[in-house]
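Student: Below is the file data-v8.txt, which contains compact mmCIF, N, CA and C atoms.
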```txt
# COMPACT_ATOMS: atom_id res chain seq x y z
N MET Z 444 9.06 6.51 12.96
CA MET Z 444 8.04 6.63 11.95
C MET Z 444 8.60 6.11 10.63
N HIS Z 445 8.37 4.85 10.34
CA HIS Z 445 8.89 4.27 9.11
C HIS Z 445 8.09 4.72 7.88
N GLU Z 446 6.94 5.35 8.10
CA GLU Z 446 6.16 5.86 6.98
C GLU Z 446 6.92 6.90 6.18
N MET Z 447 7.73 7.73 6.84
CA MET Z 447 8.49 8.75 6.12
C MET Z 447 9.51 8.10 5.20
N SER Z 448 10.18 7.06 5.64
CA SER Z 448 11.16 6.40 4.76
C SER Z 448 10.45 5.70 3.60
N ILE Z 449 9.26 5.19 3.83
CA ILE Z 449 8.48 4.58 2.75
C ILE Z 449 8.12 5.64 1.71
N ILE Z 450 7.64 6.80 2.17
CA ILE Z 450 7.28 7.88 1.25
C ILE Z 450 8.51 8.38 0.50
N LYS Z 451 9.62 8.51 1.18
CA LYS Z 451 10.85 8.96 0.49
C LYS Z 451 11.21 7.97 -0.62
N GLY Z 452 11.06 6.68 -0.38
CA GLY Z 452 11.33 5.68 -1.42
C GLY Z 452 10.37 5.80 -2.59
N ILE Z 453 9.09 6.00 -2.28
CA ILE Z 453 8.08 6.16 -3.33
C ILE Z 453 8.36 7.41 -4.14
N ILE Z 454 8.70 8.50 -3.47
CA ILE Z 454 9.00 9.75 -4.18
C ILE Z 454 10.22 9.58 -5.08
N GLY Z 455 11.20 8.83 -4.62
CA GLY Z 455 12.36 8.55 -5.46
C GLY Z 455 11.99 7.80 -6.73
N ILE Z 456 11.13 6.81 -6.60
CA ILE Z 456 10.66 6.05 -7.77
C ILE Z 456 9.87 6.95 -8.71
N ILE Z 457 8.98 7.76 -8.15
CA ILE Z 457 8.18 8.67 -8.96
C ILE Z 457 9.09 9.63 -9.73
N GLY Z 458 10.06 10.19 -9.04
CA GLY Z 458 10.99 11.13 -9.68
C GLY Z 458 11.71 10.50 -10.86
N LYS Z 459 12.19 9.28 -10.68
CA LYS Z 459 12.89 8.59 -11.78
C LYS Z 459 11.96 8.33 -12.95
N GLU Z 460 10.74 7.87 -12.66
CA GLU Z 460 9.79 7.57 -13.73
C GLU Z 460 9.34 8.83 -14.47
N MET Z 461 9.13 9.91 -13.72
CA MET Z 461 8.72 11.15 -14.36
C MET Z 461 9.84 11.72 -15.23
N LYS Z 462 11.05 11.64 -14.75
CA LYS Z 462 12.19 12.13 -15.54
C LYS Z 462 12.34 11.28 -16.81
N LYS Z 463 12.27 9.98 -16.66
CA LYS Z 463 12.40 9.07 -17.80
C LYS Z 463 11.33 9.34 -18.85
N SER Z 464 10.11 9.65 -18.41
CA SER Z 464 8.99 9.88 -19.32
C SER Z 464 8.79 11.36 -19.66
N LYS Z 465 9.68 12.21 -19.16
CA LYS Z 465 9.62 13.67 -19.40
C LYS Z 465 8.30 14.28 -18.95
N LEU Z 466 7.84 13.87 -17.78
CA LEU Z 466 6.62 14.40 -17.19
C LEU Z 466 6.98 15.50 -16.20
N LYS Z 467 6.14 16.52 -16.11
CA LYS Z 467 6.45 17.67 -15.25
C LYS Z 467 5.51 17.84 -14.06
N LYS Z 468 4.22 17.56 -14.27
CA LYS Z 468 3.22 17.84 -13.24
C LYS Z 468 2.64 16.54 -12.70
N LEU Z 469 2.77 16.36 -11.39
CA LEU Z 469 2.22 15.17 -10.72
C LEU Z 469 0.83 15.50 -10.19
N HIS Z 470 -0.16 14.69 -10.58
CA HIS Z 470 -1.53 14.88 -10.10
C HIS Z 470 -1.87 13.94 -8.95
N ALA Z 471 -1.52 12.66 -9.10
CA ALA Z 471 -1.90 11.69 -8.08
C ALA Z 471 -0.98 10.47 -8.12
N VAL Z 472 -0.89 9.83 -6.98
CA VAL Z 472 -0.13 8.60 -6.82
C VAL Z 472 -1.07 7.62 -6.12
N LYS Z 473 -1.13 6.39 -6.65
CA LYS Z 473 -1.98 5.37 -6.03
C LYS Z 473 -1.09 4.25 -5.50
N ILE Z 474 -1.34 3.88 -4.25
CA ILE Z 474 -0.59 2.77 -3.64
C ILE Z 474 -1.57 1.80 -2.99
N LYS Z 475 -1.11 0.57 -2.80
CA LYS Z 475 -1.85 -0.44 -2.05
C LYS Z 475 -1.09 -0.69 -0.75
N VAL Z 476 -1.84 -0.73 0.35
CA VAL Z 476 -1.24 -0.97 1.66
C VAL Z 476 -1.99 -2.11 2.33
N GLY Z 477 -1.28 -3.20 2.57
CA GLY Z 477 -1.87 -4.36 3.23
C GLY Z 477 -2.04 -4.16 4.73
N GLU Z 478 -3.05 -4.78 5.26
CA GLU Z 478 -3.39 -4.68 6.68
C GLU Z 478 -2.24 -5.13 7.58
N LEU Z 479 -1.45 -6.08 7.12
CA LEU Z 479 -0.39 -6.65 7.95
C LEU Z 479 0.92 -5.84 7.90
N THR Z 480 0.97 -4.77 7.11
CA THR Z 480 2.22 -4.02 6.96
C THR Z 480 2.54 -3.12 8.15
N ALA Z 481 1.58 -2.88 9.00
CA ALA Z 481 1.76 -1.99 10.15
C ALA Z 481 2.07 -0.57 9.71
N VAL Z 482 1.54 -0.19 8.54
CA VAL Z 482 1.70 1.16 8.02
C VAL Z 482 0.37 1.89 8.24
N GLU Z 483 0.45 3.08 8.81
CA GLU Z 483 -0.73 3.88 9.08
C GLU Z 483 -1.04 4.77 7.88
N PRO Z 484 -2.17 4.56 7.21
CA PRO Z 484 -2.51 5.36 6.03
C PRO Z 484 -2.50 6.87 6.26
N GLU Z 485 -3.04 7.32 7.38
CA GLU Z 485 -3.06 8.77 7.65
C GLU Z 485 -1.66 9.33 7.86
N THR Z 486 -0.79 8.54 8.46
CA THR Z 486 0.60 8.97 8.63
C THR Z 486 1.30 9.02 7.27
N LEU Z 487 1.00 8.05 6.40
CA LEU Z 487 1.54 8.09 5.04
C LEU Z 487 1.10 9.36 4.33
N ARG Z 488 -0.16 9.71 4.43
CA ARG Z 488 -0.67 10.93 3.79
C ARG Z 488 0.06 12.16 4.32
N PHE Z 489 0.19 12.23 5.62
CA PHE Z 489 0.88 13.37 6.24
C PHE Z 489 2.32 13.47 5.73
N CYS Z 490 3.02 12.35 5.70
CA CYS Z 490 4.41 12.34 5.24
C CYS Z 490 4.51 12.71 3.76
N PHE Z 491 3.56 12.24 2.95
CA PHE Z 491 3.55 12.58 1.53
C PHE Z 491 3.37 14.08 1.36
N GLU Z 492 2.36 14.63 2.02
CA GLU Z 492 2.09 16.07 1.90
C GLU Z 492 3.26 16.90 2.40
N ALA Z 493 3.88 16.49 3.50
CA ALA Z 493 5.04 17.22 4.02
C ALA Z 493 6.22 17.14 3.06
N SER Z 494 6.38 15.99 2.40
CA SER Z 494 7.52 15.79 1.51
C SER Z 494 7.40 16.56 0.19
N ILE Z 495 6.16 16.84 -0.24
CA ILE Z 495 6.00 17.54 -1.51
C ILE Z 495 5.67 19.02 -1.33
N LYS Z 496 5.57 19.46 -0.08
CA LYS Z 496 5.28 20.87 0.19
C LYS Z 496 6.40 21.74 -0.37
N ASP Z 497 6.02 22.83 -1.00
CA ASP Z 497 6.96 23.79 -1.60
C ASP Z 497 7.80 23.18 -2.71
N THR Z 498 7.24 22.17 -3.39
CA THR Z 498 7.90 21.57 -4.55
C THR Z 498 6.93 21.68 -5.72
N PRO Z 499 7.39 21.42 -6.94
CA PRO Z 499 6.46 21.43 -8.09
C PRO Z 499 5.34 20.39 -7.96
N TRP Z 500 5.49 19.42 -7.09
CA TRP Z 500 4.48 18.38 -6.91
C TRP Z 500 3.43 18.74 -5.88
N GLU Z 501 3.59 19.88 -5.21
CA GLU Z 501 2.63 20.25 -4.17
C GLU Z 501 1.21 20.24 -4.72
N GLY Z 502 0.30 19.67 -3.97
CA GLY Z 502 -1.09 19.55 -4.38
C GLY Z 502 -1.44 18.19 -4.94
N ALA Z 503 -0.44 17.38 -5.23
CA ALA Z 503 -0.71 16.02 -5.73
C ALA Z 503 -1.41 15.20 -4.64
N ARG Z 504 -2.25 14.28 -5.06
CA ARG Z 504 -3.01 13.43 -4.13
C ARG Z 504 -2.31 12.09 -3.95
N LEU Z 505 -2.38 11.59 -2.74
CA LEU Z 505 -1.96 10.22 -2.46
C LEU Z 505 -3.21 9.40 -2.23
N GLU Z 506 -3.48 8.46 -3.13
CA GLU Z 506 -4.65 7.59 -3.02
C GLU Z 506 -4.18 6.24 -2.47
N ILE Z 507 -4.80 5.83 -1.38
CA ILE Z 507 -4.39 4.60 -0.70
C ILE Z 507 -5.52 3.59 -0.75
N GLU Z 508 -5.21 2.42 -1.30
CA GLU Z 508 -6.16 1.31 -1.29
C GLU Z 508 -5.76 0.37 -0.15
N ASP Z 509 -6.64 0.25 0.82
CA ASP Z 509 -6.40 -0.66 1.95
C ASP Z 509 -6.71 -2.08 1.50
N VAL Z 510 -5.78 -3.00 1.77
CA VAL Z 510 -5.95 -4.39 1.37
C VAL Z 510 -6.07 -5.24 2.64
N PRO Z 511 -7.21 -5.91 2.81
CA PRO Z 511 -7.42 -6.71 4.02
C PRO Z 511 -6.54 -7.96 4.02
N LEU Z 512 -6.33 -8.48 5.20
CA LEU Z 512 -5.58 -9.72 5.37
C LEU Z 512 -6.52 -10.88 5.09
N THR Z 513 -6.21 -11.63 4.03
CA THR Z 513 -7.03 -12.79 3.66
C THR Z 513 -6.16 -14.02 3.54
N GLY Z 514 -6.81 -15.17 3.62
CA GLY Z 514 -6.09 -16.42 3.52
C GLY Z 514 -6.93 -17.50 2.86
N LYS Z 515 -6.28 -18.63 2.65
CA LYS Z 515 -6.94 -19.79 2.05
C LYS Z 515 -6.51 -21.02 2.85
N CYS Z 516 -7.50 -21.80 3.24
CA CYS Z 516 -7.23 -23.03 3.98
C CYS Z 516 -6.68 -24.07 3.00
N ARG Z 517 -5.55 -24.67 3.35
CA ARG Z 517 -4.95 -25.69 2.49
C ARG Z 517 -5.70 -27.03 2.60
N ASP Z 518 -6.51 -27.18 3.63
CA ASP Z 518 -7.26 -28.42 3.81
C ASP Z 518 -8.58 -28.41 3.03
N CYS Z 519 -9.41 -27.38 3.24
CA CYS Z 519 -10.73 -27.36 2.59
C CYS Z 519 -10.83 -26.31 1.47
N HIS Z 520 -9.76 -25.54 1.26
CA HIS Z 520 -9.66 -24.55 0.18
C HIS Z 520 -10.59 -23.35 0.33
N THR Z 521 -11.11 -23.13 1.52
CA THR Z 521 -11.95 -21.97 1.79
C THR Z 521 -11.09 -20.72 1.82
N LYS Z 522 -11.56 -19.67 1.13
CA LYS Z 522 -10.90 -18.36 1.21
C LYS Z 522 -11.67 -17.52 2.22
N PHE Z 523 -10.93 -16.78 3.05
CA PHE Z 523 -11.60 -16.01 4.10
C PHE Z 523 -10.74 -14.83 4.53
N ARG Z 524 -11.38 -13.89 5.20
CA ARG Z 524 -10.68 -12.75 5.78
C ARG Z 524 -10.33 -13.07 7.23
N PHE Z 525 -9.10 -12.78 7.60
CA PHE Z 525 -8.68 -12.99 8.99
C PHE Z 525 -9.40 -11.99 9.88
N HIS Z 526 -9.80 -12.45 11.06
CA HIS Z 526 -10.37 -11.56 12.07
C HIS Z 526 -9.50 -11.68 13.31
N ASN Z 527 -9.06 -10.54 13.80
CA ASN Z 527 -8.18 -10.49 14.96
C ASN Z 527 -6.90 -11.30 14.74
N PHE Z 528 -6.49 -11.40 13.48
CA PHE Z 528 -5.25 -12.08 13.10
C PHE Z 528 -5.21 -13.55 13.52
N VAL Z 529 -6.38 -14.16 13.66
CA VAL Z 529 -6.46 -15.57 14.02
C VAL Z 529 -6.34 -16.41 12.75
N SER Z 530 -5.36 -17.32 12.76
CA SER Z 530 -5.05 -18.16 11.59
C SER Z 530 -5.71 -19.52 11.67
N ILE Z 531 -7.02 -19.53 11.78
CA ILE Z 531 -7.77 -20.78 11.83
C ILE Z 531 -8.89 -20.69 10.80
N CYS Z 532 -9.06 -21.72 10.01
CA CYS Z 532 -10.11 -21.73 9.00
C CYS Z 532 -11.47 -21.66 9.68
N PRO Z 533 -12.33 -20.74 9.26
CA PRO Z 533 -13.65 -20.62 9.88
C PRO Z 533 -14.59 -21.77 9.51
N VAL Z 534 -14.24 -22.58 8.52
CA VAL Z 534 -15.11 -23.67 8.08
C VAL Z 534 -14.70 -24.99 8.72
N CYS Z 535 -13.44 -25.41 8.49
CA CYS Z 535 -13.02 -26.73 8.96
C CYS Z 535 -12.13 -26.67 10.21
N ARG Z 536 -11.82 -25.44 10.64
CA ARG Z 536 -10.96 -25.20 11.83
C ARG Z 536 -9.50 -25.63 11.59
N GLY Z 537 -9.15 -25.85 10.33
CA GLY Z 537 -7.77 -26.20 9.99
C GLY Z 537 -6.81 -25.06 10.27
N ARG Z 538 -5.54 -25.42 10.48
CA ARG Z 538 -4.52 -24.41 10.79
C ARG Z 538 -3.49 -24.26 9.68
N ALA Z 539 -3.66 -24.99 8.60
CA ALA Z 539 -2.74 -24.89 7.45
C ALA Z 539 -3.28 -23.78 6.54
N ILE Z 540 -2.88 -22.55 6.83
CA ILE Z 540 -3.44 -21.39 6.15
C ILE Z 540 -2.37 -20.71 5.30
N GLU Z 541 -2.73 -20.42 4.07
CA GLU Z 541 -1.86 -19.68 3.16
C GLU Z 541 -2.35 -18.23 3.12
N LYS Z 542 -1.46 -17.27 3.39
CA LYS Z 542 -1.85 -15.87 3.30
C LYS Z 542 -1.96 -15.48 1.83
N LEU Z 543 -3.08 -14.85 1.46
CA LEU Z 543 -3.30 -14.43 0.08
C LEU Z 543 -3.05 -12.94 -0.11
N THR Z 544 -3.60 -12.13 0.77
CA THR Z 544 -3.42 -10.69 0.68
C THR Z 544 -3.20 -10.12 2.08
N GLY Z 545 -2.75 -8.88 2.09
CA GLY Z 545 -2.59 -8.19 3.37
C GLY Z 545 -1.16 -7.79 3.66
N THR Z 546 -0.22 -8.23 2.83
CA THR Z 546 1.19 -7.86 3.05
C THR Z 546 1.70 -6.89 1.99
N GLU Z 547 0.79 -6.41 1.13
CA GLU Z 547 1.19 -5.53 0.03
C GLU Z 547 1.65 -4.15 0.53
N LEU Z 548 2.60 -3.62 -0.17
CA LEU Z 548 2.98 -2.21 -0.06
C LEU Z 548 3.50 -1.86 -1.44
N ASP Z 549 2.56 -1.56 -2.34
CA ASP Z 549 2.86 -1.44 -3.77
C ASP Z 549 2.52 -0.07 -4.31
N LEU Z 550 3.39 0.44 -5.16
CA LEU Z 550 3.09 1.62 -5.96
C LEU Z 550 2.31 1.13 -7.16
N VAL Z 551 1.06 1.54 -7.30
CA VAL Z 551 0.17 1.04 -8.33
C VAL Z 551 0.22 1.90 -9.59
N SER Z 552 0.11 3.22 -9.41
CA SER Z 552 0.08 4.10 -10.57
C SER Z 552 0.51 5.51 -10.21
N ILE Z 553 0.92 6.22 -11.26
CA ILE Z 553 1.30 7.62 -11.16
C ILE Z 553 0.50 8.35 -12.22
N ASP Z 554 -0.25 9.38 -11.80
CA ASP Z 554 -1.01 10.21 -12.74
C ASP Z 554 -0.24 11.52 -12.88
N ALA Z 555 0.38 11.70 -14.03
CA ALA Z 555 1.20 12.89 -14.27
C ALA Z 555 1.19 13.27 -15.74
N VAL Z 556 1.51 14.52 -16.01
CA VAL Z 556 1.60 15.01 -17.40
C VAL Z 556 2.92 15.73 -17.60
```
How does this structure look as structure tokens?
Tutor:
Amino acid sequence: MHEMSIIKGIIGIIGKEMKKSKLKKLHAVKIKVGELTAVEPETLRFCFEASIKDTPWEGARLEIEDVPLTGKCRDCHTKFRFHNFVSICPVCRGRAIEKLTGTELDLVSIDAV
């Protein structure tokens, strides 16, 4: 379960930022998770809640923004969402595809006081 190591890393970053900014109470954390990361959002939530249980952060929310896998055809410049991970342009059938989104795993914001 690599989700636990991801959450541990996020918690480490949050801890450093809260200490640096002298914040005490964590309300929410927002992250972006791309479709191609193979990270399960519900497992992330479970790991987050388990990691903050019986700590001053207990009760904080983990908000997850799912980011779809999208691409752009280098031939006709069409932007599109991948379906079934097929890398073919739906317009010109070209195979020169640039991935635009879907690989994110980003800490977006921390809501704390």
Student: Please list as a PyMOL selection string every residue within 9 Å of Val476 (chain Z), counting only C-alpha atoms and excluding residues in the same chain fewer than 6 positions away.
Tutor: chain Z and resi 482-484+507-511+545-549
Student: Taking all atoms listed in the file into account, produce a table as CSV in which each residue of region 474-494 of chain Z with an atom at most 7 Å from an atom of region 448-468 of chain Z appears once, together with its shortest atom pair and the distance in Å to one decimal, ordered by chain and rising number.
Tutor:
```
residue,atom,partner,partner_atom,distance
Z:Leu487,CA,Z:Ile450,N,6.9
Z:Cys490,C,Z:Ile450,CA,6.1
Z:Phe491,N,Z:Ile450,CA,6.0
```
Student: Which of these residues is nearest to Met447 (chain Z), using all atoms listed in the file: Z:Phe489, Z:Val472, Z:Thr480, Z:Arg538?
Tutor: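 Closest candidate: Z:Phe489.
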Student: Which is closest to Ala555 (chain Z) among Z:Pro533, Z:Gly477, Z:Pro499, Z:Gly514, if we use only C-alpha atoms?
Tutor: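 Selected residue with least distance to Ala555 (chain Z): Z:Pro499.
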Student: Could you give me, as a list in words, the residues within 7 Å of Thr513 (chain Z), counting only C-alpha atoms and dropping anything in the same chain fewer than 4 positions from it?
Tutor: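 Neighbouring residues, sequence-local ones excluded: Phe523, Arg524, Phe525, Lys542, Leu543, Thr544 and Gly545 of chain Z.
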Student: With N, CA and C atoms retained, write the just-selected residues as a PDB file, keeping the file's coordinate frame.
Tutor:
```pdb
ATOM      1  N   PHE Z 523     -10.930 -16.780   3.050  1.00  0.00           N
ATOM      2  CA  PHE Z 523     -11.600 -16.010   4.100  1.00  0.00           C
ATOM      3  C   PHE Z 523     -10.740 -14.830   4.530  1.00  0.00           C
ATOM      4  N   ARG Z 524     -11.380 -13.890   5.200  1.00  0.00           N
ATOM      5  CA  ARG Z 524     -10.680 -12.750   5.780  1.00  0.00           C
ATOM      6  C   ARG Z 524     -10.330 -13.070   7.230  1.00  0.00           C
ATOM      7  N   PHE Z 525      -9.100 -12.780   7.600  1.00  0.00           N
ATOM      8  CA  PHE Z 525      -8.680 -12.990   8.990  1.00  0.00           C
ATOM      9  C   PHE Z 525      -9.400 -11.990   9.880  1.00  0.00           C
ATOM     10  N   LYS Z 542      -1.460 -17.270   3.390  1.00  0.00           N
ATOM     11  CA  LYS Z 542      -1.850 -15.870   3.300  1.00  0.00           C
ATOM     12  C   LYS Z 542      -1.960 -15.480   1.830  1.00  0.00           C
ATOM     13  N   LEU Z 543      -3.080 -14.850   1.460  1.00  0.00           N
ATOM     14  CA  LEU Z 543      -3.300 -14.430   0.080  1.00  0.00           C
ATOM     15  C   LEU Z 543      -3.050 -12.940  -0.110  1.00  0.00           C
ATOM     16  N   THR Z 544      -3.600 -12.130   0.770  1.00  0.00           N
ATOM     17  CA  THR Z 544      -3.420 -10.690   0.680  1.00  0.00           C
ATOM     18  C   THR Z 544      -3.200 -10.120   2.080  1.00  0.00           C
ATOM     19  N   GLY Z 545      -2.750  -8.880   2.090  1.00  0.00           N
ATOM     20  CA  GLY Z 545      -2.590  -8.190   3.370  1.00  0.00           C
ATOM     21  C   GLY Z 545      -1.160  -7.790   3.660  1.00  0.00           C
TER      22      GLY Z 545
END
```
Student: Here is a test: counting only C-alpha atoms, which residue of Z:Glu506, Z:Glu478, Z:Glu541, Z:Glu501 is nearest to Cys519 (chain Z)?
Tutor: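 The shortest atom-to-atom distance to Cys519 (chain Z) comes from Z:Glu541.
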Student: Record the distance separating CA of Ala539 (chain Z) and CA of Asn527 (chain Z), expressed in Å with one decimal.
Tutor: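 Between these atoms lies a distance of 17.1 Å.
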Student: Can you work out the spacing between atom N of Gly502 (chain Z) and CA of Thr486 (chain Z) in Å, to one decimal?
Tutor: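 According to the coordinates, atom N of Gly502 (chain Z) and CA of Thr486 (chain Z) are separated by 16.5 Å.
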Student: Enter the distance from CA of Leu469 (chain Z) to atom N of Ala503 (chain Z), in Å, rounded to one decimal.
Tutor: 6.5 Å
Student: Box time for region 484-488 of chain Z: axis-aligned, enclosing all its listed atoms, 3 Å extra on each side; report centre and edge lengths in Å to one decimal, as lines of an AutoDock Vina configuration file.
Tutor:
```
center_x = -0.8
center_y = 8.4
center_z = 6.2
size_x = 10.6
size_y = 13.6
size_z = 10.8
```
Student: Going by DSSP on the backbone, which bits of region 468-498 of chain Z are alpha helix (DSSP H)? Write them as an NGL selection string, please.
Tutor: :Z and (484-495)
Student: Output as a ChimeraX atom specification all residues of chain Z that backbone DSSP marks as strand (DSSP E).
Tutor: /Z:469-477,504-510,513-516,522-524,540-544,548-555
Student: Let me make sure I understand: among Z:Arg517, Z:Lys522, Z:Phe528, Z:Asp554, which one has the smallest atom-to-atom distance to Ile540 (chain Z) if we use only N, CA and C atoms?
Tutor: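 Ranking Z:Arg517, Z:Lys522, Z:Phe528, Z:Asp554 by distance to Ile540 (chain Z), first place goes to Z:Arg517.
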